[in-house]
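Chemist: So that you have it, the file is model03.pdb, and it contains PDB, C-alpha atoms:
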```pdb
ATOM      1  CA  MET A  15    -271.029 -11.906   2.245
ATOM      2  CA  THR A  16    -271.723 -11.090  -1.401
ATOM      3  CA  LYS A  17    -269.653 -11.976  -4.445
ATOM      4  CA  LEU A  18    -268.084  -8.833  -5.890
ATOM      5  CA  GLU A  19    -269.590  -9.450  -9.322
ATOM      6  CA  ASN A  20    -273.095  -9.520  -7.753
ATOM      7  CA  HIS A  21    -272.655  -6.600  -5.370
ATOM      8  CA  PRO A  22    -274.847  -3.520  -6.016
ATOM      9  CA  GLU A  23    -271.833  -1.233  -5.375
ATOM     10  CA  LYS A  24    -269.384  -3.295  -7.438
ATOM     11  CA  ASN A  25    -268.190  -0.339  -9.544
ATOM     12  CA  VAL A  26    -267.285   1.722  -6.460
ATOM     13  CA  ILE A  27    -265.624  -1.303  -4.863
ATOM     14  CA  ARG A  28    -263.559  -1.915  -7.989
ATOM     15  CA  LEU A  29    -262.277   1.658  -7.771
ATOM     16  CA  GLN A  30    -261.393   1.130  -4.107
ATOM     17  CA  LEU A  31    -259.507  -2.053  -4.968
ATOM     18  CA  ARG A  32    -257.487  -0.129  -7.545
ATOM     19  CA  GLN A  33    -256.253   2.072  -4.691
ATOM     20  CA  ASN A  34    -255.179  -0.836  -2.500
ATOM     21  CA  ALA A  35    -251.459  -0.859  -1.718
ATOM     22  CA  VAL A  36    -251.029  -4.439  -2.939
ATOM     23  CA  LEU A  37    -253.417  -4.361  -5.910
ATOM     24  CA  LYS A  38    -252.842  -0.895  -7.386
ATOM     25  CA  ASP A  39    -250.286  -2.041  -9.968
ATOM     26  CA  LEU A  40    -252.301  -4.965 -11.332
ATOM     27  CA  GLY A  41    -253.123  -4.925 -15.025
ATOM     28  CA  ASP A  42    -256.627  -5.341 -16.391
ATOM     29  CA  GLY A  43    -256.005  -8.999 -17.152
ATOM     30  CA  ASP A  44    -254.779  -9.617 -13.597
ATOM     31  CA  ARG A  45    -257.910  -7.972 -12.183
ATOM     32  CA  ALA A  46    -260.139 -10.031 -14.448
ATOM     33  CA  ASP A  47    -258.435 -13.142 -13.063
ATOM     34  CA  LEU A  48    -258.786 -12.057  -9.416
ATOM     35  CA  GLU A  49    -262.234 -10.440  -9.187
ATOM     36  CA  PRO A  50    -264.406 -13.571  -9.650
ATOM     37  CA  HIS A  51    -262.868 -14.969  -6.440
ATOM     38  CA  LEU A  52    -263.565 -11.882  -4.304
ATOM     39  CA  ALA A  53    -266.442 -11.578  -1.858
ATOM     40  CA  VAL A  54    -267.457  -8.383  -0.039
ATOM     41  CA  VAL A  55    -267.910  -8.644   3.722
ATOM     42  CA  ASP A  56    -269.412  -5.975   5.990
ATOM     43  CA  GLY A  57    -268.463  -6.110   9.667
ATOM     44  CA  HIS A  58    -269.595  -4.193  12.729
ATOM     45  CA  LYS A  59    -267.440  -2.904  15.570
ATOM     46  CA  GLY A  60    -266.129  -5.880  17.541
ATOM     47  CA  ASP A  61    -266.829  -8.482  14.850
ATOM     48  CA  PHE A  62    -264.104 -11.087  14.287
ATOM     49  CA  LEU A  63    -263.186 -11.590  10.644
ATOM     50  CA  LEU A  64    -260.644 -14.218  11.671
ATOM     51  CA  ASN A  65    -260.355 -16.130  14.940
ATOM     52  CA  GLN A  66    -257.003 -16.960  16.474
ATOM     53  CA  GLY A  67    -256.035 -20.620  16.137
ATOM     54  CA  VAL A  68    -257.985 -21.525  13.006
ATOM     55  CA  ARG A  69    -256.666 -23.097   9.813
ATOM     56  CA  GLU A  70    -259.273 -21.758   7.386
ATOM     57  CA  MET A  71    -257.776 -18.393   6.477
ATOM     58  CA  GLU A  72    -258.735 -15.503   4.229
ATOM     59  CA  GLN A  73    -256.882 -12.706   2.481
ATOM     60  CA  TYR A  74    -258.469  -9.308   3.215
ATOM     61  CA  PHE A  75    -258.330  -6.055   1.234
ATOM     62  CA  ILE A  76    -259.727  -3.228   3.355
ATOM     63  CA  LEU A  77    -262.247  -0.997   1.602
ATOM     64  CA  ASP A  78    -263.662   1.019   4.523
ATOM     65  CA  GLY A  79    -263.088   1.213   8.271
ATOM     66  CA  ILE A  80    -260.350   0.035  10.615
ATOM     67  CA  LEU A  81    -259.250  -3.475  11.614
ATOM     68  CA  LYS A  82    -256.893  -4.646  14.346
ATOM     69  CA  ARG A  83    -254.654  -7.704  14.577
ATOM     70  CA  VAL A  84    -254.817  -9.136  18.099
ATOM     71  CA  VAL A  85    -253.253 -11.941  20.139
ATOM     72  CA  SER A  86    -255.092 -13.318  23.173
ATOM     73  CA  ASN A  87    -253.945 -15.682  25.910
ATOM     74  CA  PRO A  88    -256.188 -18.375  27.445
ATOM     75  CA  GLN A  89    -257.196 -15.937  30.192
ATOM     76  CA  GLY A  90    -258.506 -13.493  27.577
ATOM     77  CA  LYS A  91    -255.759 -10.873  27.966
ATOM     78  CA  GLU A  92    -255.343  -9.169  24.592
ATOM     79  CA  MET A  93    -252.404  -7.512  22.843
ATOM     80  CA  ILE A  94    -252.989  -5.414  19.731
ATOM     81  CA  LEU A  95    -250.243  -5.928  17.161
ATOM     82  CA  ARG A  96    -251.351  -3.422  14.510
ATOM     83  CA  PHE A  97    -254.188  -1.377  13.065
ATOM     84  CA  ALA A  98    -255.062  -1.311   9.367
ATOM     85  CA  ASP A  99    -257.405   0.961   7.432
ATOM     86  CA  GLU A 100    -258.480   1.690   3.865
ATOM     87  CA  ARG A 101    -256.029   0.691   1.104
ATOM     88  CA  ASP A 102    -254.299  -1.694   3.505
ATOM     89  CA  ILE A 103    -254.537  -5.487   3.819
ATOM     90  CA  GLU A 104    -254.779  -8.149   6.475
ATOM     91  CA  THR A 105    -253.489 -11.661   5.987
ATOM     92  CA  SER A 106    -252.309 -14.859   7.650
ATOM     93  CA  TYR A 107    -249.993 -15.671   4.760
ATOM     94  CA  ALA A 108    -246.966 -16.647   6.855
ATOM     95  CA  ALA A 109    -248.988 -19.061   8.991
ATOM     96  CA  TRP A 110    -250.581 -20.563   5.882
ATOM     97  CA  ARG A 111    -247.189 -21.094   4.241
ATOM     98  CA  LEU A 112    -245.860 -22.751   7.409
ATOM     99  CA  GLY A 113    -248.907 -24.996   7.729
ATOM    100  CA  LYS A 114    -249.717 -23.500  11.140
ATOM    101  CA  PRO A 115    -252.989 -22.212  12.595
ATOM    102  CA  THR A 116    -253.222 -18.453  12.549
ATOM    103  CA  PRO A 117    -251.449 -16.990  15.610
ATOM    104  CA  TYR A 118    -253.747 -13.955  15.899
ATOM    105  CA  GLY A 119    -257.268 -12.760  15.309
ATOM    106  CA  ILE A 120    -258.488  -9.966  13.023
ATOM    107  CA  VAL A 121    -261.224  -7.780  14.480
ATOM    108  CA  CYS A 122    -263.240  -4.770  13.299
ATOM    109  CA  VAL A 123    -262.354  -1.689  15.366
ATOM    110  CA  THR A 124    -265.074   0.285  13.580
ATOM    111  CA  LYS A 125    -267.752  -0.584  11.084
ATOM    112  CA  ALA A 126    -265.722  -1.996   8.209
ATOM    113  CA  ARG A 127    -265.970  -3.414   4.708
ATOM    114  CA  VAL A 128    -263.421  -5.753   3.156
ATOM    115  CA  ALA A 129    -263.014  -7.719  -0.041
ATOM    116  CA  SER A 130    -261.768 -11.221   0.724
ATOM    117  CA  LEU A 131    -260.947 -14.590  -0.721
ATOM    118  CA  PRO A 132    -259.614 -17.849   0.743
ATOM    119  CA  LEU A 133    -255.847 -17.731   1.175
ATOM    120  CA  GLU A 134    -255.460 -20.865  -0.902
ATOM    121  CA  GLN A 135    -257.081 -19.102  -3.871
ATOM    122  CA  TRP A 136    -254.995 -15.975  -3.276
ATOM    123  CA  VAL A 137    -251.784 -18.030  -3.266
ATOM    124  CA  ARG A 138    -252.818 -19.721  -6.519
ATOM    125  CA  PHE A 139    -253.402 -16.271  -8.012
ATOM    126  CA  LEU A 140    -249.955 -15.118  -6.842
ATOM    127  CA  ASP A 141    -248.335 -18.184  -8.353
ATOM    128  CA  ARG A 142    -249.808 -17.148 -11.725
ATOM    129  CA  HIS A 143    -248.745 -13.483 -11.371
ATOM    130  CA  ALA A 144    -245.092 -13.100 -10.400
ATOM    131  CA  ASN A 145    -245.124  -9.287 -10.104
ATOM    132  CA  ALA A 146    -248.126  -9.349  -7.779
ATOM    133  CA  LYS A 147    -246.445 -12.031  -5.678
ATOM    134  CA  GLN A 148    -243.283  -9.952  -5.323
ATOM    135  CA  THR A 149    -245.288  -6.860  -4.298
ATOM    136  CA  PHE A 150    -247.384  -8.809  -1.806
ATOM    137  CA  GLU A 151    -244.492 -10.665  -0.167
ATOM    138  CA  TYR A 152    -242.535  -7.428   0.212
ATOM    139  CA  PHE A 153    -245.602  -5.846   1.831
ATOM    140  CA  VAL A 154    -245.963  -8.777   4.239
ATOM    141  CA  MET A 155    -242.295  -8.482   5.259
ATOM    142  CA  HIS A 156    -242.815  -4.749   5.820
ATOM    143  CA  LEU A 157    -245.798  -5.455   8.086
ATOM    144  CA  MET A 158    -243.797  -7.961  10.111
ATOM    145  CA  SER A 159    -240.974  -5.442  10.471
ATOM    146  CA  GLU A 160    -243.418  -2.768  11.656
ATOM    147  CA  ILE A 161    -244.908  -5.103  14.261
ATOM    148  CA  MET A 162    -241.425  -5.966  15.516
ATOM    149  CA  ALA A 163    -240.516  -2.275  15.752
ATOM    150  CA  HIS A 164    -243.718  -1.539  17.682
ATOM    151  CA  THR A 165    -243.053  -4.384  20.121
ATOM    152  CA  ILE A 166    -239.553  -3.065  20.757
ATOM    153  CA  THR A 167    -240.779   0.483  21.392
ATOM    154  CA  LEU A 168    -243.174  -0.796  24.070
ATOM    155  CA  HIS A 169    -240.048  -1.714  26.054
ATOM    156  CA  LEU A 170    -237.699   1.113  25.078
ATOM    157  CA  LEU A 171    -239.891   4.230  25.074
ATOM    158  CA  ASP A 172    -241.730   5.873  27.945
ATOM    159  CA  ALA A 173    -245.456   6.576  27.713
ATOM    160  CA  PRO A 174    -245.213   9.994  25.993
ATOM    161  CA  GLY A 175    -242.619   8.586  23.579
ATOM    162  CA  ARG A 176    -244.901   5.718  22.572
ATOM    163  CA  VAL A 177    -247.791   8.060  21.894
ATOM    164  CA  GLN A 178    -245.617  10.521  19.986
ATOM    165  CA  ARG A 179    -244.240   7.732  17.805
ATOM    166  CA  PHE A 180    -247.733   6.556  16.924
ATOM    167  CA  MET A 181    -248.867  10.104  16.118
ATOM    168  CA  ARG A 182    -245.819  10.605  13.908
ATOM    169  CA  LYS A 183    -246.198   7.323  12.033
ATOM    170  CA  HIS A 184    -250.010   7.185  11.842
ATOM    171  CA  PRO A 185    -251.384  10.750  11.937
ATOM    172  CA  ASP A 186    -254.420   9.697   9.889
ATOM    173  CA  LEU A 187    -255.478   7.142  12.532
ATOM    174  CA  VAL A 188    -255.017   9.145  15.745
ATOM    175  CA  ASP A 189    -258.527  10.609  15.819
ATOM    176  CA  ARG A 190    -260.256   7.598  14.237
ATOM    177  CA  ILE A 191    -259.310   4.930  16.777
ATOM    178  CA  PRO A 192    -261.263   4.810  20.052
ATOM    179  CA  GLN A 193    -259.080   5.985  22.948
ATOM    180  CA  LYS A 194    -259.468   2.668  24.776
ATOM    181  CA  GLU A 195    -258.160   0.770  21.724
ATOM    182  CA  LEU A 196    -255.260   3.159  21.169
ATOM    183  CA  ALA A 197    -254.293   3.021  24.850
ATOM    184  CA  SER A 198    -254.291  -0.790  24.743
ATOM    185  CA  TYR A 199    -252.076  -0.806  21.641
ATOM    186  CA  LEU A 200    -249.609   1.492  23.412
ATOM    187  CA  ASN A 201    -249.760  -0.561  26.644
ATOM    188  CA  LEU A 202    -251.277   2.340  28.577
ATOM    189  CA  SER A 203    -254.466   2.790  30.515
ATOM    190  CA  ALA A 204    -257.105   4.961  28.875
ATOM    191  CA  GLU A 205    -256.787   7.317  31.857
ATOM    192  CA  THR A 206    -253.027   7.723  31.320
ATOM    193  CA  LEU A 207    -253.503   8.465  27.624
ATOM    194  CA  SER A 208    -256.204  11.028  28.417
ATOM    195  CA  ARG A 209    -254.017  12.640  31.099
ATOM    196  CA  LEU A 210    -251.044  12.917  28.728
ATOM    197  CA  ARG A 211    -253.215  14.643  26.137
ATOM    198  CA  HIS A 212    -254.836  16.931  28.713
ATOM    199  CA  ARG A 213    -251.472  18.035  30.094
ATOM    200  CA  GLY A 214    -250.071  18.709  26.631
ATOM    201  CA  LYS A 215    -247.383  16.053  27.028
ATOM    202  CA  ILE A 216    -248.090  14.802  23.508
TER     203      ILE A 216
END
```
Starting from the file, lay out its structure as structure tokens.

Modeler:
Amino acid sequence: MTKLENHPEKNVIRLQLRQNAVLKDLGDGDRADLEPHLAVVDGHKGDFLLNQGVREMEQYFILDGILKRVVSNPQGKEMILRFADERDIETSYAAWRLGKPTPYGIVCVTKARVASLPLEQWVRFLDRHANAKQTFEYFVMHLMSEIMAHTITLHLLDAPGRVQRFMRKHPDLVDRIPQKELASYLNLSAETLSRLRHRGKI
């Protein structure tokens, strides 16, 4: 972990942050207020950025790579709630606001780089910048709605329908996510997903 202001690639990272869905409309003064709090974290495939059940939470702005939000039961069975890539975010904002431990983990699907800061500092920043807070909270509600829609489709759509929906909504991710991960997200076996593709069902 390296503070943004000390990072050797800080100029490139600043450009990437300007493309982030939540940060793109910030003014120069807003960025000057935020950047001293940001650290750059590099993760490898399988690394946990956030463990399920913790109370020390971070706000993540994805610079490179793909992350997944996962829920695990005590037996280790895992459900993937969403994937997120460049220009996206990951957060435990709702849990932090409710004073609850985070209900999911955040894991690197591929090699990834994020800019992060403690959620408490991010919330203080939002409280000073009303427009940024409105943008962020709308984005969080959108993410929650997307996760709900995905959960519903796992019950309502057959296997080809689930895959087709993902391909329609996330065409940029289809060939970047390992087949095993994508199959798990769609509640399929890797063999079933491969068979559907081989037979031209999707």

Chemist: The PyMOL selection byres ((chain A and resi 117-121) around 6) - which residues does that actually catch in the file I just gave you? List them as a ChimeraX atom specification.

Modeler: /A:61-67,81-85,116,122

Chemist: Skip region 188-202 of chain A itself and residues of its chain fewer than 4 positions away, then list as an MDAnalysis selection string all residues within 10 Å of it, counting all atoms listed in the file.

Modeler: chainID A and resid 79:82 84 92:97 99 123:124 164:165 167:169 173:177 179:184 206:208

Chemist: Let me know the residues the PyMOL selection byres ((chain A and resi 126) around 6) catches in the file above, as a ChimeraX atom specification.

Modeler: /A:56-57,78-79,124-125,127

Chemist: Around the point (-264.4, -16.3, -1.3) in the file's coordinates, collect all residues with an atom within 8 Å, using only C-alpha atoms, and return them as a ChimeraX atom specification.

Modeler: /A:17,51-53,72,130-132

Chemist: Can you work out which one of A:Ile76, A:Ala98, A:Ala129, A:Met155 has the shortest atom-to-atom distance to Pro50 (chain A), counting all atoms listed in the file?

Modeler: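 Residue with the minimum atom-to-atom distance to Pro50 (chain A): A:Ala129.
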
Chemist: Enumerate, as a ChimeraX atom specification, the residues matched when the PyMOL selection byres ((chain A and resi 73) around 8) is run on the file above.

Modeler: /A:71-72,74-75,103-107,130-133,136

Chemist: Could you state the separation of CA of Val137 (chain A) and CA of Arg111 (chain A) in Å, given to one decimal place?

Modeler: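 It comes out at 9.3 Å.
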
Chemist: Just how far from CA of Glu134 (chain A) is CA of Val26 (chain A), in Å to one decimal?

Modeler: 26.1 Å

Chemist: I'd like the interatomic distance between CA of Ile166 (chain A) and CA of Lys59 (chain A), to a tenth of an Å.

Modeler: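 For CA of Ile166 (chain A) relative to CA of Lys59 (chain A), the distance reads 28.4 Å.
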
Chemist: Could you tell me which of A:Met15, A:Val54, A:Leu157, A:Leu171 comes closest to Leu31 (chain A) if we count all atoms listed in the file?

Modeler: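 Residue with the minimum atom-to-atom distance to Leu31 (chain A): A:Val54.
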
Chemist: List every protein, DNA or RNA residue that has at least one atom no more than 12 Å from (-245.0, -12.9, -3.7) in the file's coordinates, counting only C-alpha atoms, and write the result as a VMD selection string.

Modeler: chain A and resid 36 107 to 108 111 136 to 155

Chemist: With only C-alpha atoms as the basis for distance, which of A:Leu18, A:Val128, A:Leu77, A:Ile161 is at the shortest distance from Gln33 (chain A)?

Modeler: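 Going through A:Leu18, A:Val128, A:Leu77, A:Ile161 one by one, the smallest distance to Gln33 (chain A) is for A:Leu77.
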
Chemist: From the list A:Glu70, A:Pro22, A:Leu210, A:Leu37, which residue is nearest Asp172 (chain A) when using all atoms listed in the file?

Modeler: A:Leu210

Chemist: Which residue out of A:Val55, A:Ala109, A:Ala204, A:Arg209 has the minimum interatomic distance to Thr16 (chain A) when all atoms listed in the file are used?

Modeler: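 Closest to Thr16 (chain A) of all the choices is A:Val55.
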
Chemist: Will you model N, CA, C and O atoms for region 81-99 of chain A and pass it back as an mmCIF file, keeping the file's coordinate frame?

Modeler:
```
data_model
loop_
_atom_site.group_PDB
_atom_site.id
_atom_site.type_symbol
_atom_site.label_atom_id
_atom_site.label_comp_id
_atom_site.auth_asym_id
_atom_site.auth_seq_id
_atom_site.Cartn_x
_atom_site.Cartn_y
_atom_site.Cartn_z
ATOM 1 N N LEU A 81 -259.387 -2.157 11.012
ATOM 2 C CA LEU A 81 -259.250 -3.475 11.614
ATOM 3 C C LEU A 81 -258.063 -3.468 12.577
ATOM 4 O O LEU A 81 -257.186 -2.616 12.497
ATOM 5 N N LYS A 82 -258.065 -4.448 13.489
ATOM 6 C CA LYS A 82 -256.893 -4.646 14.346
ATOM 7 C C LYS A 82 -256.502 -6.112 14.324
ATOM 8 O O LYS A 82 -257.334 -7.000 14.161
ATOM 9 N N ARG A 83 -255.206 -6.352 14.449
ATOM 10 C CA ARG A 83 -254.654 -7.704 14.577
ATOM 11 C C ARG A 83 -254.356 -7.913 16.049
ATOM 12 O O ARG A 83 -253.618 -7.123 16.650
ATOM 13 N N VAL A 84 -254.921 -8.956 16.654
ATOM 14 C CA VAL A 84 -254.817 -9.136 18.099
ATOM 15 C C VAL A 84 -254.381 -10.557 18.453
ATOM 16 O O VAL A 84 -254.715 -11.513 17.762
ATOM 17 N N VAL A 85 -253.636 -10.658 19.550
ATOM 18 C CA VAL A 85 -253.253 -11.941 20.139
ATOM 19 C C VAL A 85 -253.866 -12.005 21.526
ATOM 20 O O VAL A 85 -253.794 -11.029 22.287
ATOM 21 N N SER A 86 -254.481 -13.142 21.854
ATOM 22 C CA SER A 86 -255.092 -13.318 23.173
ATOM 23 C C SER A 86 -254.525 -14.558 23.840
ATOM 24 O O SER A 86 -254.244 -15.564 23.177
ATOM 25 N N ASN A 87 -254.366 -14.496 25.167
ATOM 26 C CA ASN A 87 -253.945 -15.682 25.910
ATOM 27 C C ASN A 87 -255.185 -16.414 26.419
ATOM 28 O O ASN A 87 -256.314 -15.917 26.287
ATOM 29 N N PRO A 88 -255.016 -17.608 26.991
ATOM 30 C CA PRO A 88 -256.188 -18.375 27.445
ATOM 31 C C PRO A 88 -257.039 -17.644 28.483
ATOM 32 O O PRO A 88 -258.231 -17.943 28.631
ATOM 33 N N GLN A 89 -256.446 -16.695 29.192
ATOM 34 C CA GLN A 89 -257.196 -15.937 30.192
ATOM 35 C C GLN A 89 -257.950 -14.751 29.571
ATOM 36 O O GLN A 89 -258.653 -14.031 30.267
ATOM 37 N N GLY A 90 -257.789 -14.558 28.262
ATOM 38 C CA GLY A 90 -258.506 -13.493 27.577
ATOM 39 C C GLY A 90 -257.774 -12.164 27.522
ATOM 40 O O GLY A 90 -258.309 -11.185 27.012
ATOM 41 N N LYS A 91 -256.543 -12.112 28.057
ATOM 42 C CA LYS A 91 -255.759 -10.873 27.966
ATOM 43 C C LYS A 91 -255.346 -10.668 26.517
ATOM 44 O O LYS A 91 -254.852 -11.592 25.869
ATOM 45 N N GLU A 92 -255.529 -9.448 26.014
ATOM 46 C CA GLU A 92 -255.343 -9.169 24.592
ATOM 47 C C GLU A 92 -254.195 -8.199 24.353
ATOM 48 O O GLU A 92 -253.999 -7.259 25.113
ATOM 49 N N MET A 93 -253.431 -8.450 23.292
ATOM 50 C CA MET A 93 -252.404 -7.512 22.843
ATOM 51 C C MET A 93 -252.695 -7.168 21.394
ATOM 52 O O MET A 93 -252.884 -8.054 20.561
ATOM 53 N N ILE A 94 -252.748 -5.869 21.099
ATOM 54 C CA ILE A 94 -252.989 -5.414 19.731
ATOM 55 C C ILE A 94 -251.643 -5.272 19.026
ATOM 56 O O ILE A 94 -250.755 -4.564 19.492
ATOM 57 N N LEU A 95 -251.500 -5.950 17.903
ATOM 58 C CA LEU A 95 -250.243 -5.928 17.161
ATOM 59 C C LEU A 95 -250.188 -4.808 16.134
ATOM 60 O O LEU A 95 -249.120 -4.263 15.858
ATOM 61 N N ARG A 96 -251.328 -4.489 15.514
ATOM 62 C CA ARG A 96 -251.351 -3.422 14.510
ATOM 63 C C ARG A 96 -252.785 -3.031 14.208
ATOM 64 O O ARG A 96 -253.719 -3.782 14.481
ATOM 65 N N PHE A 97 -252.924 -1.836 13.637
ATOM 66 C CA PHE A 97 -254.188 -1.377 13.065
ATOM 67 C C PHE A 97 -254.012 -1.279 11.549
ATOM 68 O O PHE A 97 -252.905 -1.060 11.050
ATOM 69 N N ALA A 98 -255.102 -1.427 10.827
ATOM 70 C CA ALA A 98 -255.062 -1.311 9.367
ATOM 71 C C ALA A 98 -256.347 -0.651 8.900
ATOM 72 O O ALA A 98 -257.433 -0.961 9.403
ATOM 73 N N ASP A 99 -256.214 0.272 7.936
ATOM 74 C CA ASP A 99 -257.405 0.961 7.432
ATOM 75 C C ASP A 99 -257.465 0.864 5.910
ATOM 76 O O ASP A 99 -256.817 0.018 5.296
#
```
